[in-house]
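J.: So here's entry15.cif, just mmCIF, N, CA and C atoms and all ligand atoms:
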```cif
data_start
#
loop_
_atom_site.label_atom_id
_atom_site.label_comp_id
_atom_site.auth_asym_id
_atom_site.auth_seq_id
_atom_site.Cartn_x
_atom_site.Cartn_y
_atom_site.Cartn_z
N MET O 1 -4.27 13.28 16.02
CA MET O 1 -5.23 12.20 15.84
C MET O 1 -5.41 11.85 14.36
N ARG O 2 -5.42 12.89 13.53
CA ARG O 2 -5.62 12.64 12.11
C ARG O 2 -4.43 11.93 11.50
N ASN O 3 -3.25 12.35 11.91
CA ASN O 3 -2.05 11.69 11.39
C ASN O 3 -2.00 10.23 11.79
N ARG O 4 -2.51 9.97 12.97
CA ARG O 4 -2.48 8.60 13.45
C ARG O 4 -3.27 7.69 12.52
N ASN O 5 -4.35 8.19 12.01
CA ASN O 5 -5.17 7.42 11.09
C ASN O 5 -4.38 6.93 9.88
N GLU O 6 -3.54 7.80 9.35
CA GLU O 6 -2.78 7.44 8.17
C GLU O 6 -1.86 6.26 8.44
N LYS O 7 -1.26 6.26 9.61
CA LYS O 7 -0.40 5.14 9.95
C LYS O 7 -1.23 3.90 10.24
N ASN O 8 -2.38 4.13 10.80
CA ASN O 8 -3.19 3.00 11.21
C ASN O 8 -3.63 2.13 10.05
N TYR O 9 -3.87 2.74 8.91
CA TYR O 9 -4.33 1.91 7.81
C TYR O 9 -3.24 0.93 7.39
N ARG O 10 -2.01 1.34 7.53
CA ARG O 10 -0.91 0.43 7.20
C ARG O 10 -0.90 -0.75 8.16
N GLU O 11 -0.95 -0.42 9.43
CA GLU O 11 -0.97 -1.49 10.43
C GLU O 11 -2.18 -2.41 10.22
N ALA O 12 -3.31 -1.79 9.94
CA ALA O 12 -4.54 -2.58 9.75
C ALA O 12 -4.40 -3.49 8.55
N SER O 13 -3.83 -2.97 7.48
CA SER O 13 -3.69 -3.77 6.27
C SER O 13 -2.72 -4.93 6.50
N LEU O 14 -1.64 -4.66 7.19
CA LEU O 14 -0.68 -5.72 7.47
C LEU O 14 -1.32 -6.81 8.33
N LYS O 15 -2.20 -6.37 9.20
CA LYS O 15 -2.89 -7.31 10.08
C LYS O 15 -3.87 -8.18 9.28
N ILE O 16 -4.61 -7.53 8.40
CA ILE O 16 -5.64 -8.25 7.64
C ILE O 16 -5.01 -9.17 6.60
N HIS O 17 -4.07 -8.61 5.84
CA HIS O 17 -3.53 -9.36 4.70
C HIS O 17 -2.25 -10.13 5.02
N GLY O 18 -1.65 -9.83 6.15
CA GLY O 18 -0.45 -10.55 6.56
C GLY O 18 0.82 -9.94 6.01
N LEU O 19 1.96 -10.40 6.53
CA LEU O 19 3.25 -9.84 6.12
C LEU O 19 3.75 -10.54 4.86
N ILE O 20 2.99 -10.36 3.80
CA ILE O 20 3.36 -11.02 2.55
C ILE O 20 2.98 -10.12 1.37
N CYS O 21 3.84 -10.11 0.36
CA CYS O 21 3.56 -9.29 -0.82
C CYS O 21 2.48 -9.98 -1.67
N ALA O 22 1.47 -9.23 -2.04
CA ALA O 22 0.35 -9.80 -2.79
C ALA O 22 0.75 -10.16 -4.21
N LYS O 23 1.88 -9.65 -4.66
CA LYS O 23 2.29 -9.90 -6.04
C LYS O 23 3.36 -10.98 -6.17
N CYS O 24 4.46 -10.80 -5.48
CA CYS O 24 5.56 -11.76 -5.65
C CYS O 24 5.58 -12.79 -4.53
N ALA O 25 4.64 -12.64 -3.56
CA ALA O 25 4.49 -13.60 -2.47
C ALA O 25 5.71 -13.68 -1.57
N ARG O 26 6.54 -12.68 -1.62
CA ARG O 26 7.66 -12.63 -0.71
C ARG O 26 7.14 -12.39 0.71
N GLU O 27 7.69 -13.14 1.65
CA GLU O 27 7.23 -12.99 3.01
C GLU O 27 8.15 -12.10 3.81
N PHE O 28 7.56 -11.40 4.74
CA PHE O 28 8.33 -10.45 5.54
C PHE O 28 8.22 -10.78 7.02
N THR O 29 9.21 -10.30 7.75
CA THR O 29 9.21 -10.50 9.20
C THR O 29 9.13 -9.13 9.86
N HIS O 30 9.09 -9.15 11.16
CA HIS O 30 9.02 -7.86 11.84
C HIS O 30 10.28 -7.04 11.62
N LYS O 31 11.36 -7.71 11.26
CA LYS O 31 12.61 -6.99 11.04
C LYS O 31 12.63 -6.21 9.73
N ASN O 32 12.01 -6.78 8.70
CA ASN O 32 12.08 -6.07 7.41
C ASN O 32 10.70 -5.63 6.90
N ARG O 33 9.76 -5.56 7.79
CA ARG O 33 8.41 -5.21 7.38
C ARG O 33 8.29 -3.79 6.83
N HIS O 34 9.32 -2.96 7.07
CA HIS O 34 9.26 -1.62 6.50
C HIS O 34 9.35 -1.66 4.97
N LEU O 35 9.78 -2.81 4.44
CA LEU O 35 9.86 -2.96 2.99
C LEU O 35 8.50 -3.34 2.38
N LEU O 36 7.56 -3.61 3.24
CA LEU O 36 6.22 -3.97 2.78
C LEU O 36 5.33 -2.74 2.92
N THR O 37 4.74 -2.33 1.81
CA THR O 37 3.95 -1.11 1.81
C THR O 37 2.51 -1.41 1.45
N VAL O 38 1.66 -0.45 1.68
CA VAL O 38 0.24 -0.65 1.39
C VAL O 38 -0.15 0.12 0.14
N HIS O 39 -0.67 -0.62 -0.81
CA HIS O 39 -1.11 -0.02 -2.06
C HIS O 39 -2.63 0.14 -2.02
N HIS O 40 -3.11 1.25 -2.54
CA HIS O 40 -4.56 1.46 -2.62
C HIS O 40 -5.03 1.05 -4.01
N LYS O 41 -5.86 0.05 -4.04
CA LYS O 41 -6.27 -0.53 -5.32
C LYS O 41 -6.92 0.48 -6.24
N ASP O 42 -7.71 1.39 -5.69
CA ASP O 42 -8.38 2.36 -6.55
C ASP O 42 -7.55 3.62 -6.75
N GLY O 43 -6.32 3.60 -6.20
CA GLY O 43 -5.43 4.73 -6.40
C GLY O 43 -5.75 5.93 -5.52
N ASN O 44 -6.69 5.76 -4.62
CA ASN O 44 -7.07 6.86 -3.74
C ASN O 44 -6.67 6.56 -2.29
N PRO O 45 -5.58 7.20 -1.83
CA PRO O 45 -5.08 6.93 -0.49
C PRO O 45 -6.04 7.37 0.60
N GLY O 46 -7.07 8.12 0.22
CA GLY O 46 -8.04 8.57 1.21
C GLY O 46 -9.16 7.57 1.41
N ASN O 47 -9.19 6.56 0.57
CA ASN O 47 -10.24 5.54 0.65
C ASN O 47 -9.73 4.34 1.44
N ASN O 48 -10.08 4.31 2.71
CA ASN O 48 -9.55 3.28 3.60
C ASN O 48 -10.64 2.50 4.33
N PRO O 49 -11.38 1.69 3.62
CA PRO O 49 -12.43 0.90 4.28
C PRO O 49 -11.79 -0.07 5.27
N PRO O 50 -12.36 -0.16 6.46
CA PRO O 50 -11.75 -0.95 7.53
C PRO O 50 -11.69 -2.45 7.24
N ASP O 51 -12.43 -2.92 6.25
CA ASP O 51 -12.34 -4.35 5.94
C ASP O 51 -11.15 -4.66 5.04
N GLY O 52 -10.40 -3.62 4.64
CA GLY O 52 -9.18 -3.84 3.89
C GLY O 52 -9.39 -4.06 2.40
N SER O 53 -10.61 -3.83 1.92
CA SER O 53 -10.92 -4.17 0.53
C SER O 53 -10.21 -3.26 -0.48
N ASN O 54 -9.74 -2.13 -0.03
CA ASN O 54 -9.03 -1.25 -0.96
C ASN O 54 -7.51 -1.35 -0.81
N TRP O 55 -7.07 -2.23 0.06
CA TRP O 55 -5.63 -2.33 0.33
C TRP O 55 -5.03 -3.58 -0.26
N GLU O 56 -3.78 -3.42 -0.63
CA GLU O 56 -3.01 -4.56 -1.09
C GLU O 56 -1.62 -4.37 -0.51
N ASN O 57 -1.09 -5.38 0.11
CA ASN O 57 0.27 -5.28 0.63
C ASN O 57 1.25 -5.62 -0.48
N LEU O 58 2.09 -4.65 -0.79
CA LEU O 58 3.08 -4.88 -1.84
C LEU O 58 4.46 -4.53 -1.31
N CYS O 59 5.46 -5.34 -1.67
CA CYS O 59 6.81 -4.98 -1.31
C CYS O 59 7.20 -3.74 -2.13
N VAL O 60 8.22 -3.05 -1.71
CA VAL O 60 8.55 -1.78 -2.36
C VAL O 60 8.82 -1.95 -3.85
N TYR O 61 9.36 -3.12 -4.22
CA TYR O 61 9.70 -3.35 -5.63
C TYR O 61 8.44 -3.51 -6.47
N CYS O 62 7.53 -4.35 -5.99
CA CYS O 62 6.29 -4.56 -6.72
C CYS O 62 5.43 -3.31 -6.71
N HIS O 63 5.49 -2.57 -5.63
CA HIS O 63 4.69 -1.36 -5.53
C HIS O 63 5.16 -0.34 -6.58
N ASP O 64 6.45 -0.22 -6.66
CA ASP O 64 7.05 0.66 -7.64
C ASP O 64 6.61 0.27 -9.05
N ASP O 65 6.70 -1.01 -9.30
CA ASP O 65 6.33 -1.58 -10.58
C ASP O 65 4.87 -1.29 -10.91
N GLU O 66 4.03 -1.54 -9.93
CA GLU O 66 2.59 -1.32 -10.07
C GLU O 66 2.29 0.10 -10.53
N HIS O 67 2.99 1.05 -9.92
CA HIS O 67 2.71 2.44 -10.25
C HIS O 67 3.38 2.88 -11.55
N SER O 68 4.48 2.27 -11.86
CA SER O 68 5.15 2.73 -13.08
C SER O 68 4.42 2.26 -14.33
N ARG O 69 3.66 1.16 -14.21
CA ARG O 69 2.95 0.71 -15.40
C ARG O 69 1.47 1.05 -15.36
N GLY O 70 0.96 1.36 -14.20
CA GLY O 70 -0.49 1.52 -14.08
C GLY O 70 -0.93 2.93 -13.74
N LEU O 71 -1.63 3.01 -12.63
CA LEU O 71 -2.29 4.24 -12.25
C LEU O 71 -1.39 5.46 -12.22
N LEU O 72 -0.24 5.29 -11.59
CA LEU O 72 0.61 6.46 -11.41
C LEU O 72 1.07 6.99 -12.77
N GLY O 73 1.37 6.08 -13.68
CA GLY O 73 1.74 6.49 -15.02
C GLY O 73 0.65 7.35 -15.65
N GLU O 74 -0.58 6.91 -15.42
CA GLU O 74 -1.69 7.67 -15.97
C GLU O 74 -1.81 9.03 -15.31
N TYR O 75 -1.65 9.03 -13.99
CA TYR O 75 -1.70 10.30 -13.27
C TYR O 75 -0.68 11.27 -13.84
N LEU O 76 0.54 10.74 -14.02
CA LEU O 76 1.63 11.60 -14.40
C LEU O 76 1.50 12.12 -15.82
N SER O 77 0.87 11.32 -16.67
CA SER O 77 0.74 11.76 -18.04
C SER O 77 -0.39 12.76 -18.22
N LYS O 78 -1.23 12.83 -17.21
CA LYS O 78 -2.34 13.79 -17.26
C LYS O 78 -1.90 15.08 -16.59
N ASP O 79 -2.21 16.17 -17.20
CA ASP O 79 -1.97 17.44 -16.53
C ASP O 79 -3.09 17.68 -15.53
N THR O 80 -2.72 18.14 -14.35
CA THR O 80 -3.77 18.42 -13.36
C THR O 80 -4.56 19.62 -13.81
N ASP O 81 -5.85 19.45 -13.75
CA ASP O 81 -6.65 20.61 -14.16
C ASP O 81 -7.67 20.98 -13.11
ZN ZN O 101 6.59 -8.09 -4.18
ZN ZN O 102 0.27 2.09 -4.54
#
```
Starting from the file, give its structure as structure tokens.

T.:
Amino acid sequence: MRNRNEKNYREASLKIHGLICAKCAREFTHKNRHLLTVHHKDGNPGNNPPDGSNWENLCVYCHDDEHSRGLLGEYLSKDTD
């Protein structure tokens, strides 16, 4: 049941925001929707408000980009303490 929740937020986000990348506006179909991923705006994958306010649909390219210049870069440069 708990694992199901993790998948559900993806489905929910795709439903709310549509099959489109929020950054490059590339549109997706059911055939290639696996290339569309859900980004957590606050960087916390555990924060999944049902109204979708923490989600952004990003294609894998934009998602990668987002993390390499933003939050993830910061995470990686910080030592976990
Ligand atoms: Zn994109
Ligand atoms: Zn992300």

J.: One decimal, in Å: what's the spacing between CA of His30 (chain O) and atom C of Arg69 (chain O)?

T.: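 Atom-to-atom, CA of His30 (chain O) and atom C of Arg69 (chain O) are spaced 29.6 Å apart.
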
J.: Residues of chain O that approach ligand ZN 102 (chain O) to 8 Å or less, counting all atoms listed in the file: could you list each one with the shortest pair of atoms and its distance in Å to one decimal, rows by chain and increasing residue number, as CSV?

T.:
```
residue,atom,partner,partner_atom,distance
O:Thr37,C,O:ZN102,ZN,7.3
O:Val38,C,O:ZN102,ZN,5.1
O:His39,CA,O:ZN102,ZN,3.5
O:His40,N,O:ZN102,ZN,4.0
O:Lys41,N,O:ZN102,ZN,6.5
O:Gly43,CA,O:ZN102,ZN,6.6
O:Asn44,N,O:ZN102,ZN,7.9
O:Glu56,C,O:ZN102,ZN,7.8
O:Leu58,N,O:ZN102,ZN,7.9
O:Cys62,C,O:ZN102,ZN,7.8
O:His63,CA,O:ZN102,ZN,5.7
O:Asp64,N,O:ZN102,ZN,6.9
O:Glu66,C,O:ZN102,ZN,6.6
O:His67,N,O:ZN102,ZN,6.1
O:Leu72,N,O:ZN102,ZN,7.8
```

J.: Return as a PyMOL selection string the residues of protein, DNA or RNA that approach ligand ZN 101 (chain O) to within 8 Å, with all atoms listed in the file taken into account.

T.: chain O and resi 20-27+57-63

J.: Have a look at CA of Ser68 (chain O) and CA of Lys15 (chain O) and let me know their distance in Å, one decimal.

T.: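 About the pair CA of Ser68 (chain O) and CA of Lys15 (chain O): they are 26.5 Å apart.
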
J.: Give me the residues near Ala12 (chain O) as a list of chain:residue names, where near means some atom within 10 Å (using only C-alpha atoms) and where sequence neighbours in that chain fewer than 5 positions away do not count.

T.: O:Lys7, O:His17, O:Gly18, O:Val38, O:Asn48, O:Pro50, O:Asp51, O:Gly52, O:Trp55

J.: Hey, can you check how far atom C of Gly46 (chain O) sits from atom N of Asn32 (chain O)?

T.: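 Separation of atom C of Gly46 (chain O) and atom N of Asn32 (chain O): 26.6 Å.
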
J.: May I ask which of the residues O:Asp65, O:Leu14, O:Asn54, O:Pro45 is the closest one to Thr29 (chain O), counting only C-alpha atoms?

T.: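 Residue with the minimum atom-to-atom distance to Thr29 (chain O): O:Leu14.
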
J.: Considering only strand (DSSP E or B) as DSSP defines it on the backbone, what residues of region 4-52 of chain O qualify? List them as a PDB file with N, CA and C atoms, keeping the file's coordinate frame.

T.:
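To be explicit, this is the file written out as out37.pdb:
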```pdb
ATOM      1  N   ILE O  20       2.990 -10.360   3.800  1.00  0.00           N
ATOM      2  CA  ILE O  20       3.360 -11.020   2.550  1.00  0.00           C
ATOM      3  C   ILE O  20       2.980 -10.120   1.370  1.00  0.00           C
ATOM      4  N   GLU O  27       7.690 -13.140   1.650  1.00  0.00           N
ATOM      5  CA  GLU O  27       7.230 -12.990   3.010  1.00  0.00           C
ATOM      6  C   GLU O  27       8.150 -12.100   3.810  1.00  0.00           C
ATOM      7  N   LEU O  36       7.560  -3.610   3.240  1.00  0.00           N
ATOM      8  CA  LEU O  36       6.220  -3.970   2.780  1.00  0.00           C
ATOM      9  C   LEU O  36       5.330  -2.740   2.920  1.00  0.00           C
ATOM     10  N   THR O  37       4.740  -2.330   1.810  1.00  0.00           N
ATOM     11  CA  THR O  37       3.950  -1.110   1.810  1.00  0.00           C
ATOM     12  C   THR O  37       2.510  -1.410   1.450  1.00  0.00           C
ATOM     13  N   VAL O  38       1.660  -0.450   1.680  1.00  0.00           N
ATOM     14  CA  VAL O  38       0.240  -0.650   1.390  1.00  0.00           C
ATOM     15  C   VAL O  38      -0.150   0.120   0.140  1.00  0.00           C
ATOM     16  N   HIS O  39      -0.670  -0.620  -0.810  1.00  0.00           N
ATOM     17  CA  HIS O  39      -1.110  -0.020  -2.060  1.00  0.00           C
ATOM     18  C   HIS O  39      -2.630   0.140  -2.020  1.00  0.00           C
ATOM     19  N   HIS O  40      -3.110   1.250  -2.540  1.00  0.00           N
ATOM     20  CA  HIS O  40      -4.560   1.460  -2.620  1.00  0.00           C
ATOM     21  C   HIS O  40      -5.030   1.050  -4.010  1.00  0.00           C
TER      22      HIS O  40
END
```
